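Just data08.cif here, mmCIF, C-alpha atoms:
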```
data_entry
#
loop_
_atom_site.label_atom_id
_atom_site.label_comp_id
_atom_site.auth_asym_id
_atom_site.auth_seq_id
_atom_site.Cartn_x
_atom_site.Cartn_y
_atom_site.Cartn_z
CA MET A 246 120.11 116.82 98.22
CA LYS A 247 122.52 114.04 97.23
CA ILE A 248 122.07 112.07 94.02
CA GLY A 249 123.91 108.80 93.46
CA PHE A 250 123.97 106.23 90.69
CA ALA A 251 124.47 102.49 90.37
CA LEU A 252 127.64 101.45 88.59
CA PRO A 253 127.30 99.30 85.42
CA GLN A 254 127.11 95.80 86.91
CA PHE A 255 124.29 93.66 85.55
CA HIS A 256 122.74 92.27 82.36
CA LYS A 257 124.31 93.50 79.10
CA GLN A 258 126.39 96.13 80.90
CA ALA A 259 128.13 93.36 82.88
CA SER A 260 129.98 92.43 79.68
CA HIS A 261 131.29 95.99 79.40
CA VAL A 262 132.63 96.54 82.90
CA HIS A 263 135.88 97.76 81.36
CA GLU A 264 133.90 100.98 80.88
CA VAL A 265 133.19 101.38 84.60
CA VAL A 266 136.10 103.79 85.05
CA ASP A 267 134.70 106.03 82.31
CA PHE A 268 131.27 105.84 83.94
CA ALA A 269 132.66 106.73 87.36
CA ARG A 270 134.71 109.67 86.08
CA GLN A 271 132.01 111.13 83.87
CA VAL A 272 129.15 110.73 86.34
CA GLU A 273 131.23 112.35 89.07
CA GLN A 274 132.00 115.22 86.70
CA ALA A 275 128.29 115.52 85.89
CA GLY A 276 127.62 116.29 89.55
CA ALA A 277 126.81 112.95 91.16
CA ASP A 278 127.38 112.68 94.91
CA SER A 279 127.76 108.91 95.18
CA LEU A 280 128.30 105.68 93.22
CA TRP A 281 126.91 102.30 94.25
CA VAL A 282 127.01 98.57 93.66
CA SER A 283 124.65 95.82 94.72
CA ASP A 284 125.04 92.05 94.98
CA ARG A 285 123.87 88.95 93.18
CA ASN A 286 126.03 85.88 93.72
CA LEU A 287 123.85 83.77 91.46
CA ALA A 288 120.40 83.72 89.90
CA ALA A 289 118.92 80.23 90.28
CA VAL A 290 117.40 78.57 87.21
CA SER A 291 114.45 77.27 89.24
CA PRO A 292 114.36 79.50 92.33
CA LYS A 293 112.52 78.40 95.44
CA ILE A 294 111.86 82.06 96.21
CA GLY A 295 111.65 84.80 93.61
CA TYR A 296 113.06 88.29 93.35
CA GLY A 297 112.77 90.29 96.55
CA GLY A 298 111.23 87.31 98.34
CA GLN A 299 108.12 87.32 96.11
CA GLY A 300 106.90 84.61 93.74
CA THR A 301 109.21 82.09 92.07
CA THR A 302 110.91 84.09 89.31
CA ILE A 303 114.02 86.25 89.05
CA PRO A 304 114.37 88.91 86.32
CA SER A 305 116.68 87.75 83.54
CA GLU A 306 118.52 91.08 83.87
CA LEU A 307 120.12 89.67 87.06
CA ASN A 308 121.53 86.53 85.41
CA ALA A 309 124.84 88.25 84.60
CA ALA A 310 126.41 90.04 87.55
CA ALA A 311 129.89 91.57 87.85
CA ASP A 312 131.78 91.50 91.15
CA PRO A 313 130.75 94.39 93.43
CA PHE A 314 134.08 94.67 95.28
CA VAL A 315 136.15 94.89 92.10
CA LEU A 316 133.83 97.48 90.55
CA LEU A 317 133.75 99.66 93.65
CA GLY A 318 137.53 99.46 93.95
CA ALA A 319 137.90 100.51 90.32
CA ALA A 320 135.59 103.47 90.89
CA ALA A 321 137.47 104.41 94.06
CA GLY A 322 140.73 104.63 92.14
CA VAL A 323 139.49 107.06 89.48
CA THR A 324 137.26 109.39 91.52
CA GLU A 325 138.06 112.08 94.05
CA ARG A 326 134.84 113.27 95.64
CA VAL A 327 131.90 110.86 95.39
CA GLU A 328 130.94 108.53 98.21
CA LEU A 329 131.12 104.83 97.35
CA GLY A 330 128.38 102.58 98.64
CA THR A 331 126.89 99.09 98.55
CA HIS A 332 123.09 98.98 98.35
CA VAL A 333 123.29 96.13 99.36
CA LEU A 334 125.87 93.40 99.88
CA ILE A 335 124.38 90.09 101.02
CA ALA A 336 126.81 90.23 103.88
CA PRO A 337 126.08 86.93 105.69
CA LEU A 338 127.32 85.04 102.62
CA TYR A 339 130.87 86.29 103.18
CA PRO A 340 133.45 85.23 105.77
CA PRO A 341 133.93 88.28 108.03
CA VAL A 342 137.72 88.47 107.66
CA GLN A 343 137.52 88.53 103.86
CA LEU A 344 134.59 90.97 103.90
CA ALA A 345 136.43 93.32 106.26
CA ARG A 346 139.61 93.11 104.18
CA ALA A 347 137.85 93.94 100.90
CA LEU A 348 135.91 96.85 102.36
CA THR A 349 138.91 98.19 104.26
CA THR A 350 140.93 98.18 101.03
CA ILE A 351 138.23 100.14 99.18
CA ASP A 352 137.95 102.62 102.05
CA LEU A 353 141.72 103.16 102.03
CA ILE A 354 141.87 103.59 98.25
CA SER A 355 139.10 106.19 98.44
CA ARG A 356 140.49 107.80 101.60
CA GLY A 357 137.36 107.31 103.65
CA ARG A 358 134.53 107.55 101.12
CA LEU A 359 133.05 104.07 101.72
CA LEU A 360 129.40 103.58 102.77
CA PRO A 361 129.00 99.82 103.30
CA GLY A 362 125.41 98.65 103.15
CA PHE A 363 124.34 95.12 104.07
CA GLY A 364 121.26 92.95 103.70
CA ILE A 365 120.41 89.33 104.44
CA GLY A 366 119.06 88.51 100.98
CA TRP A 367 116.09 86.45 99.85
CA SER A 368 117.61 83.62 97.76
CA PRO A 369 117.97 80.17 99.41
CA GLU A 370 120.16 79.03 96.53
CA GLU A 371 122.77 81.70 97.24
CA TYR A 372 123.09 80.40 100.78
CA GLU A 373 123.22 76.80 99.54
CA ALA A 374 126.08 77.73 97.21
CA ALA A 375 127.97 79.19 100.19
CA GLY A 376 127.27 76.17 102.38
CA LEU A 377 125.19 78.21 104.83
CA ASP A 378 121.76 77.85 106.44
CA PHE A 379 119.34 80.25 104.76
CA HIS A 380 117.00 80.19 107.76
CA ARG A 381 119.72 81.43 110.13
CA ARG A 382 120.76 84.38 107.98
CA GLY A 383 119.36 86.98 110.39
CA ALA A 384 121.25 85.54 113.34
CA ARG A 385 124.37 85.31 111.20
CA MET A 386 124.01 88.98 110.28
CA GLU A 387 123.90 89.97 113.94
CA GLU A 388 127.13 88.10 114.62
CA LEU A 389 128.74 89.38 111.44
CA LEU A 390 128.21 92.97 112.57
CA ASP A 391 129.90 92.17 115.87
CA ALA A 392 132.78 90.43 114.12
CA LEU A 393 133.33 93.35 111.73
CA GLU A 394 133.29 95.78 114.64
CA ASN A 395 136.07 93.81 116.31
CA ILE A 396 138.15 93.41 113.16
CA TRP A 397 137.85 97.10 112.28
CA THR A 398 138.55 98.49 115.75
CA THR A 399 140.88 96.10 117.64
CA ASP A 400 144.31 94.55 117.10
CA PRO A 401 144.66 91.65 117.67
CA ALA A 402 141.06 90.91 116.68
CA GLN A 403 138.87 87.89 117.35
CA TYR A 404 135.23 86.85 117.62
CA ALA A 405 133.38 83.77 118.85
CA GLY A 406 129.65 83.28 118.33
CA ALA A 407 127.17 80.51 117.63
CA HIS A 408 127.45 80.94 113.85
CA ILE A 409 130.73 82.79 113.27
CA THR A 410 134.17 82.24 114.75
CA VAL A 411 137.22 84.37 113.98
CA PRO A 412 140.43 83.24 115.71
CA SER A 413 142.69 85.79 117.33
CA HIS A 414 144.79 87.35 114.59
CA HIS A 415 146.91 90.39 113.81
CA SER A 416 144.70 93.15 112.46
CA PRO A 417 146.81 96.29 111.96
CA LEU A 418 145.23 97.38 108.65
CA LYS A 419 142.30 99.63 109.54
CA PRO A 420 139.87 101.69 107.44
CA HIS A 421 140.73 105.31 106.71
CA ARG A 422 137.54 106.45 108.45
CA ARG A 423 137.77 105.95 112.20
CA PRO A 424 136.72 104.14 114.18
CA ARG A 425 135.11 102.39 111.19
CA PRO A 426 133.00 103.18 108.13
CA PRO A 427 129.31 103.84 108.86
CA VAL A 428 127.26 100.67 108.43
CA TYR A 429 123.94 100.85 106.59
CA LEU A 430 121.33 98.07 106.57
CA GLY A 431 118.60 97.23 104.10
CA ALA A 432 115.33 96.35 105.82
CA LEU A 433 111.64 95.78 105.06
CA SER A 434 110.37 93.43 107.77
CA GLU A 435 109.73 94.56 111.33
CA ARG A 436 112.59 92.39 112.61
CA ALA A 437 115.02 93.85 110.08
CA LEU A 438 113.85 97.40 110.79
CA SER A 439 114.45 96.74 114.47
CA ARG A 440 118.04 95.77 113.61
CA VAL A 441 118.45 99.12 111.86
CA ALA A 442 117.14 100.91 114.93
CA ARG A 443 119.45 99.07 117.29
CA ARG A 444 122.62 98.76 115.25
CA ALA A 445 122.86 100.70 112.01
CA ASP A 446 124.24 104.09 111.08
CA GLY A 447 121.83 104.21 108.17
CA TRP A 448 118.80 102.58 106.52
CA LEU A 449 118.60 101.50 102.86
CA PRO A 450 115.00 101.33 101.57
CA LEU A 451 113.85 100.88 97.96
CA CYS A 452 111.27 102.16 95.50
CA VAL A 453 110.56 101.46 91.83
CA VAL A 454 109.46 104.23 89.47
CA PRO A 455 106.64 104.26 88.57
CA SER A 456 105.35 100.83 89.67
CA TYR A 457 106.18 100.86 93.39
CA VAL A 458 106.48 104.20 95.17
CA ASP A 459 104.91 103.68 98.61
CA VAL A 460 105.62 106.92 100.44
CA ASP A 461 103.19 106.08 103.23
CA GLY A 462 105.02 102.80 103.71
CA LEU A 463 108.38 104.56 103.86
CA LEU A 464 107.05 106.96 106.50
CA ALA A 465 105.62 104.12 108.58
CA GLN A 466 108.85 102.13 108.41
CA ARG A 467 110.91 105.15 109.38
CA GLU A 468 108.55 105.86 112.27
CA LEU A 469 109.13 102.32 113.56
CA ILE A 470 112.91 102.77 113.26
CA ASP A 471 112.79 106.08 115.13
CA ARG A 472 110.59 104.72 117.91
CA GLN A 473 112.72 101.64 118.47
CA ALA A 474 115.91 103.68 118.28
CA ARG A 475 114.65 105.91 121.10
CA GLU A 476 113.71 102.81 123.11
CA ALA A 477 117.27 101.56 122.63
CA GLY A 478 118.68 104.87 123.89
CA ARG A 479 119.74 106.11 120.46
CA ASP A 480 119.12 109.43 118.73
CA PRO A 481 117.03 108.65 115.59
CA SER A 482 118.45 111.70 113.81
CA GLU A 483 121.82 109.95 113.75
CA ILE A 484 120.41 107.15 111.55
CA ASP A 485 120.76 108.23 107.92
CA THR A 486 118.55 107.10 105.01
CA VAL A 487 119.58 106.43 101.39
CA LEU A 488 116.68 105.50 99.09
CA ARG A 489 117.37 103.30 96.07
CA VAL A 490 115.31 104.30 93.04
CA ASN A 491 114.96 101.49 90.50
CA ILE A 492 113.44 102.46 87.17
CA ASP A 493 110.95 100.45 85.15
CA ALA A 494 111.70 100.00 81.45
CA GLY A 495 110.30 102.80 79.32
CA THR A 496 110.14 105.35 82.14
CA GLN A 497 110.94 108.95 81.23
CA VAL A 498 113.77 110.65 83.10
CA SER A 499 111.40 113.48 83.99
CA ALA A 500 109.21 110.98 85.88
CA VAL A 501 112.25 109.81 87.85
CA ALA A 502 113.19 113.38 88.75
CA ASP A 503 109.61 114.27 89.73
CA THR A 504 109.39 111.20 91.96
CA ILE A 505 112.65 112.03 93.72
CA LYS A 506 111.48 115.58 94.38
CA SER A 507 108.09 114.41 95.64
CA VAL A 508 109.52 111.74 97.94
CA ARG A 509 112.02 114.20 99.36
CA GLU A 510 109.29 116.73 100.06
CA ARG A 511 107.09 114.20 101.88
CA THR A 512 109.73 112.20 103.76
CA GLY A 513 112.75 114.47 104.20
CA ILE A 514 115.00 111.83 102.62
CA ASP A 515 117.83 113.70 100.94
CA HIS A 516 120.06 110.99 99.43
CA PHE A 517 118.84 108.94 96.46
CA VAL A 518 120.51 106.20 94.39
CA VAL A 519 119.22 105.90 90.83
CA ASP A 520 119.61 102.50 89.13
CA SER A 521 118.85 102.43 85.40
CA LEU A 522 119.44 98.65 85.09
CA TYR A 523 115.99 97.93 83.64
CA ALA A 524 115.73 101.13 81.61
CA VAL A 525 119.12 101.43 79.86
CA GLU A 526 121.17 98.68 78.21
CA THR A 527 124.52 100.40 77.52
CA VAL A 528 127.12 102.05 79.72
CA LYS A 529 127.12 105.10 77.47
CA GLY A 530 123.35 105.30 77.80
CA SER A 531 123.63 105.08 81.59
CA ILE A 532 126.15 107.94 81.63
CA GLU A 533 123.79 110.10 79.61
CA HIS A 534 120.85 109.04 81.77
CA ALA A 535 122.70 109.97 84.97
CA ALA A 536 123.68 113.38 83.65
CA GLU A 537 120.08 114.07 82.68
CA VAL A 538 118.80 113.06 86.13
CA VAL A 539 121.31 115.38 87.82
CA ALA A 540 120.28 118.25 85.56
CA LEU A 541 116.55 117.75 86.16
CA VAL A 542 116.70 117.13 89.90
CA GLY A 543 119.24 119.82 90.71
CA LYS A 544 120.67 120.16 94.21
CA GLY A 545 118.16 122.49 95.75
#
```

How does the structure come out when it is put into structure tokens?
Amino acid sequence: MKIGFALPQFHKQASHVHEVVDFARQVEQAGADSLWVSDRNLAAVSPKIGYGGQGTTIPSELNAAADPFVLLGAAAGVTERVELGTHVLIAPLYPPVQLARALTTIDLISRGRLLPGFGIGWSPEEYEAAGLDFHRRGARMEELLDALENIWTTDPAQYAGAHITVPSHHSPLKPHRRPRPPVYLGALSERALSRVARRADGWLPLCVVPSYVDVDGLLAQRELIDRQAREAGRDPSEIDTVLRVNIDAGTQVSAVADTIKSVRERTGIDHFVVDSLYAVETVKGSIEHAAEVVALVGKG
């Protein structure tokens, strides 16, 4: 089993990101297998769509958000073993050349430990701020994946699509991992799950302990991915899964550990990312929380 943890990035911990290097070092030493960031470009004051695409509110804990690329690069420079992932970047918001450059740099610093994970997001305001059409974000993601593939694997590189154009340019700087880092995709809808089946090296689902742990739903979604992967001529066993485990405020660490063990037993998922954003307010507290999770879950 692999156990990962979210880096200090949001809410009160965002004001103490100078402690991220201590977090990364100490959590790696405690036995973590991976460290992760997520993405929030802005939290709208009056959102048209709420958190996760539900309702019309966004948790205040997401109002302050530190830059995911900078944090992951900082963690890459002070760790030796842990994988470094994004669960998830709202990838269509970023120009592909800049996105590829940032991720390539992190992969080179870490000597091939990057696990880039992408999603299309749920906030219209984030797309408005980037000057992009929210309703075309799925199509833009498809083209972005093609553009990244070209940038990461060819030199010169170029791409021309309906939504993204990258002119022919010199592209000698490549990721450490060849031919490219494995690409993971977050997905809940049938269309997004189909994209995982056709295109991704891994799937990034989510649960919340204890308020939202839908194991039957996870199994059904994975069954759809596997079936459509086979239809596309792919081996489903080559599509990895990393489950993000968000924690409700007031939840005991023992409940988190028990949930991870139970989900693993029922689903076979063996890589989990624990995010204590809503449960712990300080970086020091998150370090202690991570160490306790590792101790309780073990690696069996």

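The coordinates place atom CA of Ala375 of chain A at 22.9 Å from atom CA of Tyr429 of chain A.
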
Worksheet entry | Nearest residue to Leu390 of chain A from the set A:Ala540, A:Ala445, A:Ala437, A:Val501 (distances using all atoms listed in the file) | A:Ala445

Compute the distance from (135.8, 97.2, 92.3) to each atom, counting only C-alpha atoms, keep the residues with any atom at most 12 Å away, and return them as a CSV table (one decimal) with C-alpha atoms, keeping the file's coordinate frame; use the coordinates of the file.
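Result saved to part_22.csv:
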```csv
chain,number,residue,atom,x,y,z
A,252,LEU,CA,127.6,101.4,88.6
A,253,PRO,CA,127.3,99.3,85.4
A,254,GLN,CA,127.1,95.8,86.9
A,262,VAL,CA,132.6,96.5,82.9
A,263,HIS,CA,135.9,97.8,81.4
A,265,VAL,CA,133.2,101.4,84.6
A,266,VAL,CA,136.1,103.8,85.0
A,269,ALA,CA,132.7,106.7,87.4
A,280,LEU,CA,128.3,105.7,93.2
A,281,TRP,CA,126.9,102.3,94.2
A,282,VAL,CA,127.0,98.6,93.7
A,283,SER,CA,124.6,95.8,94.7
A,311,ALA,CA,129.9,91.6,87.8
A,312,ASP,CA,131.8,91.5,91.2
A,313,PRO,CA,130.8,94.4,93.4
A,314,PHE,CA,134.1,94.7,95.3
A,315,VAL,CA,136.2,94.9,92.1
A,316,LEU,CA,133.8,97.5,90.6
A,317,LEU,CA,133.8,99.7,93.6
A,318,GLY,CA,137.5,99.5,94.0
A,319,ALA,CA,137.9,100.5,90.3
A,320,ALA,CA,135.6,103.5,90.9
A,321,ALA,CA,137.5,104.4,94.1
A,322,GLY,CA,140.7,104.6,92.1
A,323,VAL,CA,139.5,107.1,89.5
A,329,LEU,CA,131.1,104.8,97.4
A,330,GLY,CA,128.4,102.6,98.6
A,331,THR,CA,126.9,99.1,98.6
A,347,ALA,CA,137.8,93.9,100.9
A,348,LEU,CA,135.9,96.8,102.4
A,350,THR,CA,140.9,98.2,101.0
A,351,ILE,CA,138.2,100.1,99.2
A,352,ASP,CA,138.0,102.6,102.0
A,354,ILE,CA,141.9,103.6,98.2
A,355,SER,CA,139.1,106.2,98.4
A,359,LEU,CA,133.0,104.1,101.7
```

Worksheet item: Got a sec to resolve the PyMOL selection byres ((chain A and resi 410-425) around 10) on this structure and send the residues as a PyMOL selection string?
Response: chain A and resi 340-342+345-346+348-359+388-389+392-409+426-428

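The space between atom CA of Pro450 of chain A and atom CA of Leu488 of chain A spans 5.1 Å.
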
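Between atom CA of Ala310 of chain A and atom CA of Tyr457 of chain A the separation is 23.7 Å.
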
Worksheet item: Can you list, as a ChimeraX atom specification, the residues that the PyMOL selection byres ((chain A and resi 249) around 10) selects here?
Response: /A:247-248,250-252,272-273,276-281,327-330,487-490,516-520,535,538-539

Could you write those residues out with C-alpha atoms, as a tab-separated table (two decimals), keeping the file's coordinate frame?
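So the final result, stored in part32.tsv, reads:
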```tsv
chain	number	residue	atom	x	y	z
A	247	LYS	CA	122.52	114.04	97.23
A	248	ILE	CA	122.07	112.07	94.02
A	250	PHE	CA	123.97	106.23	90.69
A	251	ALA	CA	124.47	102.49	90.37
A	252	LEU	CA	127.64	101.45	88.59
A	272	VAL	CA	129.15	110.73	86.34
A	273	GLU	CA	131.23	112.35	89.07
A	276	GLY	CA	127.62	116.29	89.55
A	277	ALA	CA	126.81	112.95	91.16
A	278	ASP	CA	127.38	112.68	94.91
A	279	SER	CA	127.76	108.91	95.18
A	280	LEU	CA	128.30	105.68	93.22
A	281	TRP	CA	126.91	102.30	94.25
A	327	VAL	CA	131.90	110.86	95.39
A	328	GLU	CA	130.94	108.53	98.21
A	329	LEU	CA	131.12	104.83	97.35
A	330	GLY	CA	128.38	102.58	98.64
A	487	VAL	CA	119.58	106.43	101.39
A	488	LEU	CA	116.68	105.50	99.09
A	489	ARG	CA	117.37	103.30	96.07
A	490	VAL	CA	115.31	104.30	93.04
A	516	HIS	CA	120.06	110.99	99.43
A	517	PHE	CA	118.84	108.94	96.46
A	518	VAL	CA	120.51	106.20	94.39
A	519	VAL	CA	119.22	105.90	90.83
A	520	ASP	CA	119.61	102.50	89.13
A	535	ALA	CA	122.70	109.97	84.97
A	538	VAL	CA	118.80	113.06	86.13
A	539	VAL	CA	121.31	115.38	87.82
```

Fill in: From A:Gln258, A:Thr504, A:Thr512, A:Ser291, residue lying nearest Leu464 of chain A [only C-alpha atoms]
A:Thr512

Practice prompt. Pick out the residues sitting within 7 Å of Asp471 of chain A, and hand them over as a PyMOL selection string; count only C-alpha atoms, and ignore anything fewer than 4 positions along from it in its own chain.
Written response: chain A and resi 442+467+475+481

Any chance you could model N, CA, C and O atoms for segment 405-429 of chain A and send them as a tab-separated table (two decimals), in the coordinates of the input?
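And here's out.tsv as it stands now:
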```
chain	number	residue	atom	x	y	z
A	405	ALA	N	133.92	85.12	118.68
A	405	ALA	CA	133.38	83.77	118.85
A	405	ALA	C	131.88	83.86	119.09
A	405	ALA	O	131.44	84.47	120.07
A	406	GLY	N	131.10	83.30	118.18
A	406	GLY	CA	129.65	83.28	118.33
A	406	GLY	C	129.11	81.91	117.98
A	406	GLY	O	129.87	80.96	117.71
A	407	ALA	N	127.80	81.79	117.95
A	407	ALA	CA	127.17	80.51	117.63
A	407	ALA	C	127.31	80.16	116.15
A	407	ALA	O	127.33	78.98	115.79
A	408	HIS	N	127.42	81.18	115.29
A	408	HIS	CA	127.45	80.94	113.85
A	408	HIS	C	128.76	81.37	113.19
A	408	HIS	O	129.08	80.93	112.09
A	409	ILE	N	129.50	82.26	113.84
A	409	ILE	CA	130.73	82.79	113.27
A	409	ILE	C	131.83	82.72	114.31
A	409	ILE	O	131.63	83.10	115.47
A	410	THR	N	132.99	82.25	113.89
A	410	THR	CA	134.17	82.24	114.75
A	410	THR	C	135.35	82.82	113.98
A	410	THR	O	135.61	82.40	112.84
A	411	VAL	N	136.02	83.78	114.56
A	411	VAL	CA	137.22	84.37	113.98
A	411	VAL	C	138.34	84.23	115.01
A	411	VAL	O	138.27	84.84	116.08
A	412	PRO	N	139.36	83.41	114.73
A	412	PRO	CA	140.43	83.24	115.71
A	412	PRO	C	141.23	84.53	115.91
A	412	PRO	O	141.25	85.40	115.04
A	413	SER	N	141.87	84.63	117.04
A	413	SER	CA	142.69	85.79	117.33
A	413	SER	C	143.76	85.93	116.25
A	413	SER	O	144.49	84.99	115.95
A	414	HIS	N	143.84	87.14	115.68
A	414	HIS	CA	144.79	87.35	114.59
A	414	HIS	C	145.26	88.80	114.59
A	414	HIS	O	144.58	89.69	115.11
A	415	HIS	N	146.40	89.03	113.97
A	415	HIS	CA	146.91	90.39	113.81
A	415	HIS	C	145.99	91.15	112.86
A	415	HIS	O	145.65	90.66	111.79
A	416	SER	N	145.64	92.36	113.26
A	416	SER	CA	144.70	93.15	112.46
A	416	SER	C	145.11	94.62	112.43
A	416	SER	O	144.36	95.50	112.85
A	417	PRO	N	146.32	94.90	111.92
A	417	PRO	CA	146.81	96.29	111.96
A	417	PRO	C	146.23	97.18	110.86
A	417	PRO	O	146.24	98.40	110.99
A	418	LEU	N	145.73	96.57	109.76
A	418	LEU	CA	145.23	97.38	108.65
A	418	LEU	C	143.80	97.81	108.95
A	418	LEU	O	142.88	96.99	108.98
A	419	LYS	N	143.61	99.09	109.17
A	419	LYS	CA	142.30	99.63	109.54
A	419	LYS	C	141.77	100.56	108.47
A	419	LYS	O	142.54	101.14	107.68
A	420	PRO	N	140.44	100.75	108.41
A	420	PRO	CA	139.87	101.69	107.44
A	420	PRO	C	140.40	103.10	107.66
A	420	PRO	O	140.83	103.47	108.76
A	421	HIS	N	140.33	103.91	106.62
A	421	HIS	CA	140.73	105.31	106.71
A	421	HIS	C	139.81	106.06	107.66
A	421	HIS	O	140.26	106.88	108.47
A	422	ARG	N	138.50	105.78	107.58
A	422	ARG	CA	137.54	106.45	108.45
A	422	ARG	C	137.51	105.76	109.81
A	422	ARG	O	137.35	104.55	109.88
A	423	ARG	N	137.71	106.52	110.86
A	423	ARG	CA	137.77	105.95	112.20
A	423	ARG	C	136.54	106.32	113.01
A	423	ARG	O	136.01	107.41	112.83
A	424	PRO	N	136.10	105.43	113.90
A	424	PRO	CA	136.72	104.14	114.18
A	424	PRO	C	136.44	103.07	113.14
A	424	PRO	O	137.10	102.04	113.10
A	425	ARG	N	135.44	103.32	112.27
A	425	ARG	CA	135.11	102.39	111.19
A	425	ARG	C	134.18	103.12	110.23
A	425	ARG	O	133.59	104.16	110.57
A	426	PRO	N	133.99	102.60	109.03
A	426	PRO	CA	133.00	103.18	108.13
A	426	PRO	C	131.59	103.04	108.71
A	426	PRO	O	131.32	102.09	109.45
A	427	PRO	N	130.69	103.97	108.39
A	427	PRO	CA	129.31	103.84	108.86
A	427	PRO	C	128.64	102.64	108.20
A	427	PRO	O	128.81	102.42	106.99
A	428	VAL	N	127.91	101.87	108.94
A	428	VAL	CA	127.26	100.67	108.43
A	428	VAL	C	125.78	100.94	108.20
A	428	VAL	O	125.05	101.36	109.11
A	429	TYR	N	125.34	100.70	106.97
A	429	TYR	CA	123.94	100.85	106.59
A	429	TYR	C	123.32	99.46	106.44
A	429	TYR	O	124.01	98.50	106.06
```
